[in-house]
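Asker: File name data19.cif; file contents mmCIF, C-alpha atoms; full text below.
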```cif
data_protein
#
loop_
_atom_site.group_PDB
_atom_site.id
_atom_site.type_symbol
_atom_site.label_atom_id
_atom_site.label_comp_id
_atom_site.auth_asym_id
_atom_site.auth_seq_id
_atom_site.Cartn_x
_atom_site.Cartn_y
_atom_site.Cartn_z
ATOM 1 C CA PRO A 1 -218.628 40.437 -15.950
ATOM 2 C CA GLU A 2 -220.789 43.362 -14.843
ATOM 3 C CA THR A 3 -217.859 45.786 -14.833
ATOM 4 C CA ARG A 4 -218.160 48.865 -17.027
ATOM 5 C CA VAL A 5 -215.186 51.034 -17.924
ATOM 6 C CA VAL A 6 -215.107 54.792 -18.405
ATOM 7 C CA LEU A 7 -211.986 55.412 -20.468
ATOM 8 C CA LEU A 8 -210.461 58.866 -20.837
ATOM 9 C CA VAL A 9 -208.492 59.142 -24.073
ATOM 10 C CA ARG A 10 -207.025 62.220 -25.716
ATOM 11 C CA SER A 11 -207.873 62.546 -29.400
ATOM 12 C CA GLN A 12 -205.134 63.327 -31.895
ATOM 13 C CA THR A 13 -204.989 64.958 -35.289
ATOM 14 C CA GLY A 14 -206.599 62.473 -37.638
ATOM 15 C CA ALA A 15 -207.623 60.049 -34.871
ATOM 16 C CA SER A 16 -210.583 60.390 -32.516
ATOM 17 C CA SER A 17 -210.583 58.917 -29.034
ATOM 18 C CA ARG A 18 -212.712 56.024 -30.303
ATOM 19 C CA ASP A 19 -210.280 55.433 -33.194
ATOM 20 C CA ARG A 20 -207.381 55.155 -30.758
ATOM 21 C CA VAL A 21 -209.256 52.643 -28.582
ATOM 22 C CA GLU A 22 -210.192 50.509 -31.599
ATOM 23 C CA TYR A 23 -206.522 50.540 -32.608
ATOM 24 C CA LEU A 24 -205.611 49.159 -29.183
ATOM 25 C CA LEU A 25 -208.115 46.339 -29.649
ATOM 26 C CA ARG A 26 -205.977 45.084 -32.545
ATOM 27 C CA LYS A 27 -203.059 44.464 -30.190
ATOM 28 C CA PRO A 28 -202.038 40.880 -29.222
ATOM 29 C CA ALA A 29 -203.468 41.321 -25.710
ATOM 30 C CA PHE A 30 -206.959 40.960 -27.232
ATOM 31 C CA ASP A 31 -206.189 38.000 -29.533
ATOM 32 C CA THR A 32 -207.789 35.384 -27.274
ATOM 33 C CA LEU A 33 -210.981 37.407 -26.861
ATOM 34 C CA ARG A 34 -211.090 38.171 -30.587
ATOM 35 C CA GLU A 35 -210.794 34.460 -31.414
ATOM 36 C CA ARG A 36 -213.694 33.712 -29.040
ATOM 37 C CA VAL A 37 -216.166 36.436 -30.030
ATOM 38 C CA GLY A 38 -214.879 37.625 -33.406
ATOM 39 C CA GLU A 39 -214.020 41.127 -34.616
ATOM 40 C CA ASP A 40 -217.654 42.272 -34.632
ATOM 41 C CA GLY A 41 -218.248 40.773 -31.193
ATOM 42 C CA LEU A 42 -215.225 42.614 -29.823
ATOM 43 C CA LYS A 43 -216.549 45.944 -31.097
ATOM 44 C CA ALA A 44 -219.986 45.101 -29.701
ATOM 45 C CA MET A 45 -218.429 44.538 -26.275
ATOM 46 C CA LEU A 46 -216.688 47.879 -26.605
ATOM 47 C CA ASP A 47 -220.017 49.566 -27.313
ATOM 48 C CA GLU A 48 -221.738 47.779 -24.452
ATOM 49 C CA ARG A 49 -219.171 47.963 -21.673
ATOM 50 C CA VAL A 50 -216.827 50.875 -22.392
ATOM 51 C CA GLU A 51 -217.641 54.575 -22.413
ATOM 52 C CA VAL A 52 -214.891 56.497 -24.207
ATOM 53 C CA ILE A 53 -214.553 60.140 -23.197
ATOM 54 C CA ASP A 54 -212.411 62.544 -25.212
ATOM 55 C CA ALA A 55 -210.399 64.380 -22.574
ATOM 56 C CA ASP A 56 -207.040 66.028 -22.079
ATOM 57 C CA PHE A 57 -207.073 66.418 -18.305
ATOM 58 C CA SER A 58 -203.665 68.061 -18.246
ATOM 59 C CA ARG A 59 -205.457 71.141 -19.598
ATOM 60 C CA GLY A 60 -208.679 71.083 -17.600
ATOM 61 C CA ARG A 61 -210.960 69.124 -15.310
ATOM 62 C CA PRO A 62 -212.906 66.489 -17.268
ATOM 63 C CA GLU A 63 -216.591 65.763 -16.696
ATOM 64 C CA ILE A 64 -216.746 62.270 -15.191
ATOM 65 C CA PRO A 65 -220.018 60.313 -14.863
ATOM 66 C CA VAL A 66 -221.271 59.510 -11.371
ATOM 67 C CA GLY A 67 -220.929 56.013 -9.930
ATOM 68 C CA ILE A 68 -217.184 55.443 -10.311
ATOM 69 C CA ASP A 69 -216.004 52.742 -7.877
ATOM 70 C CA VAL A 70 -212.305 52.744 -8.794
ATOM 71 C CA ALA A 71 -210.366 55.576 -10.456
ATOM 72 C CA MET A 72 -207.063 54.581 -12.045
ATOM 73 C CA HIS A 73 -204.550 57.215 -13.142
ATOM 74 C CA SER A 74 -201.695 55.995 -15.337
ATOM 75 C CA ALA A 75 -201.125 58.940 -17.673
ATOM 76 C CA ALA A 76 -197.790 60.734 -17.704
ATOM 77 C CA THR A 77 -195.268 62.407 -19.905
ATOM 78 C CA VAL A 78 -192.569 59.748 -19.845
ATOM 79 C CA SER A 79 -189.766 61.828 -21.309
ATOM 80 C CA PHE A 80 -187.135 62.293 -18.619
ATOM 81 C CA ASP A 81 -186.471 65.877 -19.679
ATOM 82 C CA PRO A 82 -189.547 67.547 -21.166
ATOM 83 C CA PRO A 83 -189.918 71.341 -21.024
ATOM 84 C CA ILE A 84 -190.641 72.190 -17.390
ATOM 85 C CA ASP A 85 -194.168 73.485 -18.010
ATOM 86 C CA GLU A 86 -195.170 70.372 -19.961
ATOM 87 C CA GLY A 87 -193.860 68.090 -17.217
ATOM 88 C CA PHE A 88 -195.844 69.889 -14.530
ATOM 89 C CA MET A 89 -198.942 70.208 -16.712
ATOM 90 C CA THR A 90 -199.188 66.444 -17.218
ATOM 91 C CA ASN A 91 -197.625 64.832 -14.163
ATOM 92 C CA LEU A 92 -198.975 67.173 -11.479
ATOM 93 C CA GLN A 93 -201.839 69.271 -12.824
ATOM 94 C CA GLY A 94 -203.194 66.377 -14.893
ATOM 95 C CA ALA A 95 -203.456 64.097 -11.862
ATOM 96 C CA MET A 96 -205.160 66.820 -9.817
ATOM 97 C CA ASN A 97 -207.633 67.528 -12.612
ATOM 98 C CA LEU A 98 -208.522 63.863 -13.075
ATOM 99 C CA TYR A 99 -209.184 63.154 -9.410
ATOM 100 C CA GLY A 100 -210.883 66.516 -9.017
ATOM 101 C CA GLY A 101 -213.190 65.650 -11.910
ATOM 102 C CA VAL A 102 -214.065 62.285 -10.373
ATOM 103 C CA ILE A 103 -214.859 63.864 -7.002
ATOM 104 C CA ALA A 104 -216.800 66.746 -8.585
ATOM 105 C CA GLY A 105 -218.892 64.164 -10.424
ATOM 106 C CA GLY A 106 -220.168 62.863 -7.086
ATOM 107 C CA SER A 107 -218.167 59.641 -6.796
ATOM 108 C CA THR A 108 -216.058 58.586 -3.802
ATOM 109 C CA PRO A 109 -213.912 55.878 -5.388
ATOM 110 C CA ALA A 110 -210.808 53.997 -4.418
ATOM 111 C CA LEU A 111 -207.873 55.708 -6.131
ATOM 112 C CA VAL A 112 -205.136 53.772 -7.918
ATOM 113 C CA HIS A 113 -202.303 56.194 -8.657
ATOM 114 C CA VAL A 114 -199.541 54.873 -10.908
ATOM 115 C CA SER A 115 -196.293 56.668 -10.146
ATOM 116 C CA THR A 116 -192.658 55.732 -10.765
ATOM 117 C CA ALA A 117 -190.012 53.881 -8.780
ATOM 118 C CA TYR A 118 -187.677 56.899 -8.785
ATOM 119 C CA VAL A 119 -189.693 59.620 -7.084
ATOM 120 C CA ALA A 120 -187.448 59.487 -3.986
ATOM 121 C CA GLY A 121 -184.756 61.271 -5.954
ATOM 122 C CA VAL A 122 -181.014 60.821 -5.692
ATOM 123 C CA GLN A 123 -180.524 58.925 -2.435
ATOM 124 C CA LYS A 124 -178.441 56.017 -1.190
ATOM 125 C CA GLY A 125 -179.715 52.843 0.420
ATOM 126 C CA VAL A 126 -183.110 51.206 0.464
ATOM 127 C CA ILE A 127 -186.042 53.611 0.165
ATOM 128 C CA PRO A 128 -189.319 52.156 1.501
ATOM 129 C CA GLU A 129 -192.457 52.565 -0.555
ATOM 130 C CA GLY A 130 -194.494 55.191 1.268
ATOM 131 C CA PRO A 131 -195.120 58.930 1.530
ATOM 132 C CA LEU A 132 -192.095 60.980 0.497
ATOM 133 C CA GLU A 133 -190.320 63.147 3.021
ATOM 134 C CA HIS A 134 -189.744 66.562 1.472
ATOM 135 C CA ARG A 135 -190.840 70.142 2.065
ATOM 136 C CA VAL A 136 -191.118 71.354 -1.496
ATOM 137 C CA ASP A 137 -194.148 73.586 -2.101
ATOM 138 C CA TYR A 138 -195.630 71.838 -5.136
ATOM 139 C CA MET A 139 -198.175 74.586 -5.815
ATOM 140 C CA LEU A 140 -195.451 77.242 -5.938
ATOM 141 C CA GLU A 141 -193.335 75.026 -8.187
ATOM 142 C CA LEU A 142 -196.348 74.500 -10.461
ATOM 143 C CA GLU A 143 -197.069 78.233 -10.624
ATOM 144 C CA LEU A 144 -193.483 79.139 -11.491
ATOM 145 C CA ALA A 145 -193.109 76.281 -13.965
ATOM 146 C CA MET A 146 -196.199 77.437 -15.863
ATOM 147 C CA ALA A 147 -194.875 81.019 -15.840
ATOM 148 C CA ALA A 148 -191.478 79.904 -17.167
ATOM 149 C CA ARG A 149 -192.693 79.589 -20.750
ATOM 150 C CA LYS A 150 -193.906 83.186 -20.803
ATOM 151 C CA ASP A 151 -190.542 84.370 -19.474
ATOM 152 C CA VAL A 152 -188.559 82.305 -21.970
ATOM 153 C CA GLU A 153 -190.802 83.289 -24.881
ATOM 154 C CA ALA A 154 -190.261 86.953 -23.959
ATOM 155 C CA ALA A 155 -186.494 86.452 -23.738
ATOM 156 C CA SER A 156 -186.429 84.820 -27.172
ATOM 157 C CA ARG A 157 -188.041 87.899 -28.697
ATOM 158 C CA LYS A 158 -185.439 90.384 -27.505
ATOM 159 C CA PRO A 159 -183.741 92.189 -30.445
ATOM 160 C CA GLU A 160 -180.325 90.668 -29.789
ATOM 161 C CA MET A 161 -181.799 87.166 -29.795
ATOM 162 C CA LEU A 162 -183.880 87.719 -32.934
ATOM 163 C CA ASN A 163 -180.838 89.187 -34.714
ATOM 164 C CA ALA A 164 -178.809 86.111 -33.749
ATOM 165 C CA PHE A 165 -181.466 83.774 -35.131
ATOM 166 C CA MET A 166 -181.698 85.856 -38.311
ATOM 167 C CA ASP A 167 -177.909 85.844 -38.807
ATOM 168 C CA LEU A 168 -177.778 82.062 -38.525
ATOM 169 C CA ALA A 169 -180.695 81.700 -40.910
ATOM 170 C CA ARG A 170 -179.078 84.054 -43.467
ATOM 171 C CA ASP A 171 -175.835 82.094 -43.343
ATOM 172 C CA GLU A 172 -177.711 78.978 -44.387
ATOM 173 C CA HIS A 173 -180.549 80.260 -46.576
ATOM 174 C CA SER A 174 -179.575 83.683 -47.957
ATOM 175 C CA ARG A 175 -179.971 82.525 -51.575
ATOM 176 C CA ALA A 176 -183.480 81.192 -50.904
ATOM 177 C CA GLY A 177 -184.893 84.630 -50.187
ATOM 178 C CA PRO A 178 -186.200 86.580 -47.182
ATOM 179 C CA THR A 179 -189.284 84.418 -46.587
ATOM 180 C CA THR A 180 -187.211 81.263 -46.188
ATOM 181 C CA VAL A 181 -184.765 83.123 -43.946
ATOM 182 C CA ALA A 182 -187.613 84.383 -41.746
ATOM 183 C CA GLU A 183 -189.190 80.930 -41.476
ATOM 184 C CA ASP A 184 -185.879 79.352 -40.519
ATOM 185 C CA ALA A 185 -185.170 82.085 -37.974
ATOM 186 C CA GLU A 186 -188.563 81.492 -36.327
ATOM 187 C CA GLU A 187 -187.933 77.740 -36.224
ATOM 188 C CA ARG A 188 -184.589 78.386 -34.539
ATOM 189 C CA ARG A 189 -186.291 80.644 -32.000
ATOM 190 C CA GLN A 190 -188.860 77.975 -31.142
ATOM 191 C CA LYS A 191 -186.147 75.326 -30.742
ATOM 192 C CA TRP A 192 -184.243 77.690 -28.460
ATOM 193 C CA VAL A 193 -187.358 78.151 -26.309
ATOM 194 C CA THR A 194 -187.847 74.397 -25.964
ATOM 195 C CA LYS A 195 -184.181 73.788 -25.141
ATOM 196 C CA ARG A 196 -184.244 76.575 -22.549
ATOM 197 C CA LEU A 197 -187.372 75.186 -20.863
ATOM 198 C CA VAL A 198 -185.762 71.733 -20.749
ATOM 199 C CA GLU A 199 -182.745 73.320 -19.033
ATOM 200 C CA TYR A 200 -185.074 75.068 -16.569
ATOM 201 C CA GLY A 201 -186.652 71.765 -15.592
ATOM 202 C CA ARG A 202 -183.459 69.747 -15.376
ATOM 203 C CA THR A 203 -181.644 72.356 -13.300
ATOM 204 C CA ARG A 204 -184.555 72.963 -10.918
ATOM 205 C CA ALA A 205 -185.013 69.229 -10.376
ATOM 206 C CA ARG A 206 -181.334 68.678 -9.616
ATOM 207 C CA SER A 207 -181.223 71.656 -7.283
ATOM 208 C CA LEU A 208 -183.865 69.904 -5.142
ATOM 209 C CA GLY A 209 -182.382 66.397 -5.276
ATOM 210 C CA TRP A 210 -184.111 64.781 -8.259
ATOM 211 C CA PRO A 211 -182.157 63.661 -11.332
ATOM 212 C CA ASP A 212 -184.601 65.021 -13.922
ATOM 213 C CA VAL A 213 -187.887 66.846 -14.318
ATOM 214 C CA TYR A 214 -189.829 63.590 -14.860
ATOM 215 C CA THR A 215 -189.075 62.163 -11.401
ATOM 216 C CA PHE A 216 -189.396 65.642 -9.869
ATOM 217 C CA THR A 217 -192.873 66.286 -11.276
ATOM 218 C CA LYS A 218 -194.040 62.745 -10.468
ATOM 219 C CA ALA A 219 -192.967 63.335 -6.843
ATOM 220 C CA MET A 220 -194.873 66.616 -6.792
ATOM 221 C CA GLY A 221 -197.889 64.796 -8.234
ATOM 222 C CA GLU A 222 -197.742 62.208 -5.449
ATOM 223 C CA ARG A 223 -197.810 64.933 -2.799
ATOM 224 C CA ALA A 224 -200.722 66.669 -4.497
ATOM 225 C CA VAL A 225 -202.699 63.426 -4.687
ATOM 226 C CA GLU A 226 -201.983 62.626 -1.036
ATOM 227 C CA GLU A 227 -203.361 66.005 0.018
ATOM 228 C CA LEU A 228 -206.348 65.797 -2.340
#
```
Could you quickly redo this structure as structure tokens?

Answerer:
Amino acid sequence: PETRVVLLVRSQTGASSRDRVEYLLRKPAFDTLRERVGEDGLKAMLDERVEVIDADFSRGRPEIPVGIDVAMHSAATVSFDPPIDEGFMTNLQGAMNLYGGVIAGGSTPALVHVSTAYVAGVQKGVIPEGPLEHRVDYMLELELAMAARKDVEAASRKPEMLNAFMDLARDEHSRAGPTTVAEDAEERRQKWVTKRLVEYGRTRARSLGWPDVYTFTKAMGERAVEEL
């Protein structure tokens, strides 16, 4: 009953962190409590026992209050094949930033790290739950994954690529005028960048023995957390 929760939630366009938490309180999991204390009582409990912090820890280290006894990390990008930089940003860098923020805040908590059953990669037989045996340099993989977007963005802006996007756009929108053609060409370029970064992630993961970038980056996140 004395437990207090510090909840890190990323705000979205049109919805603050608090809005998103209040939306969750409308879910069936809270029906019994709502029936007991009422809608106003439920919100009062939220005010009293939960501190909501707006944070996107994939992009930076959040400021965490002191006195944390247990830190639970369950955030992830759950797409099996996101662009490689997005996968690493959330599943590896995000975990490091969260735990780093907790430690920097002066707490020494127990850590509960939620991973996935498939981090062992493509293997046969029974795989025991424990530290993974691999020699992949997760920091180097993170560095190169984050640099991949810059490389792909640069490649997409080469004249031959831009001309190809423009030709496709003209074929479809020539009667709509040059502005529409330009907008469509830019949309095609952005889609090409995303598709290319997905291919980067999938191919790199498979070259190291993981089926997709999700399981690959979750495995890298486990190693980072173990060392941290």

Asker: Point out the residue among A:Ala104, A:Val50, A:Leu98, A:Ala219 with the least atom-to-atom distance to Tyr118 in chain A, counting all atoms listed in the file.

Answerer: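 Among the listed residues, the smallest separation from Tyr118 in chain A belongs to A:Ala219.
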
Asker: Between CA of Ser107 in chain A and CA of Glu63 in chain A, what distance in Å does the model show, to one decimal?

Answerer: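 Straight-line distance from CA of Ser107 in chain A to CA of Glu63 in chain A works out to 11.7 Å.
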
Asker: Name all residues at most 12 Å from Glu226 in chain A (count all atoms listed in the file; drop same-chain ones fewer than 3 positions away) and give them as a PyMOL selection string.

Answerer: chain A and resi 92+95-96+99+111-113+130-132+138+219-223

Asker: Specify as a ChimeraX atom specification each residue included when the PyMOL selection byres ((chain A and resi 114) around 6) is applied to this file.

Answerer: /A:73-74,113,115

Asker: Starting from the displayed file, determine the output of the PyMOL selection byres ((chain A and resi 151-153) around 12) and express the residue list as a PyMOL selection string.

Answerer: chain A and resi 83-85+144-150+154-158+161-162+186+189-200

Asker: Using the chain letters and numbers from the file, which residues does the PyMOL selection byres ((chain A and resi 59) around 12) grab, as a list in words?

Answerer: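 Applied to this file, the PyMOL selection byres ((chain A and resi 59) around 12) selects Arg10, Ala55, Asp56, Phe57, Ser58, Gly60, Arg61, Pro62, Asp85, Glu86, Phe88, Met89, Thr90, Asn91, Leu92, Gln93, Gly94, Ala95, Met96, Asn97, Leu98 and Met146 of chain A.
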
Asker: Give the answer as one residue: which of A:Val21, A:Ile68, A:Ile103, A:Leu33 has the shortest atom-to-atom distance to Ile53 in chain A, using only C-alpha atoms?

Answerer: A:Val21

Asker: How many Å separate CA of Tyr23 in chain A from CA of Leu42 in chain A?

Answerer: 12.1 Å

Asker: Step by step: start from the point (-209.2, 57.8, -28.7) in the file's coordinates, keep every protein, DNA or RNA residue that has an atom no farther than 10 Å from it, count all atoms listed in the file, and write the set as a list in words.

Answerer: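 Every residue inside that radius is included here: Leu7, Leu8, Val9, Arg10, Ser11, Gln12, Ala15, Ser16, Ser17, Arg18, Asp19, Arg20, Val21, Glu22, Tyr23, Leu24, Val52, Ile53, Asp54 and Ala55 of chain A.
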
Asker: Excluding Leu208 in chain A and residues on its chain fewer than 6 positions from it, collect all residues at most 10 Å away from it, counting all atoms listed in the file, and give them as a ChimeraX atom specification.

Answerer: /A:121-122,134,136,216

Asker: Measuring atom to atom with all atoms listed in the file, identify which of A:Gly67, A:Ser174, A:Phe30, A:Tyr214 is nearest to Leu46 in chain A.

Answerer: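 So, comparing all the options, the nearest one is A:Phe30.
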
Asker: When distances are computed from all atoms listed in the file, which of A:Gly14, A:Arg204, A:Ala185, A:Arg135 shows the smallest separation from His173 in chain A?

Answerer: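 Comparing A:Gly14, A:Arg204, A:Ala185, A:Arg135 against His173 in chain A, the winner is A:Ala185.
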
Asker: For Glu51 in chain A, which residue out of A:Pro159, A:Gly101, A:Pro82, A:Pro65 is the nearest one, using only C-alpha atoms?

Answerer: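 Comparing A:Pro159, A:Gly101, A:Pro82, A:Pro65 against Glu51 in chain A, the winner is A:Pro65.
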
Asker: I'd like the interatomic distance between CA of Phe80 in chain A and CA of Thr116 in chain A, to a tenth of an Å.

Answerer: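 Computed distance, CA of Phe80 in chain A to CA of Thr116 in chain A, equals 11.6 Å.
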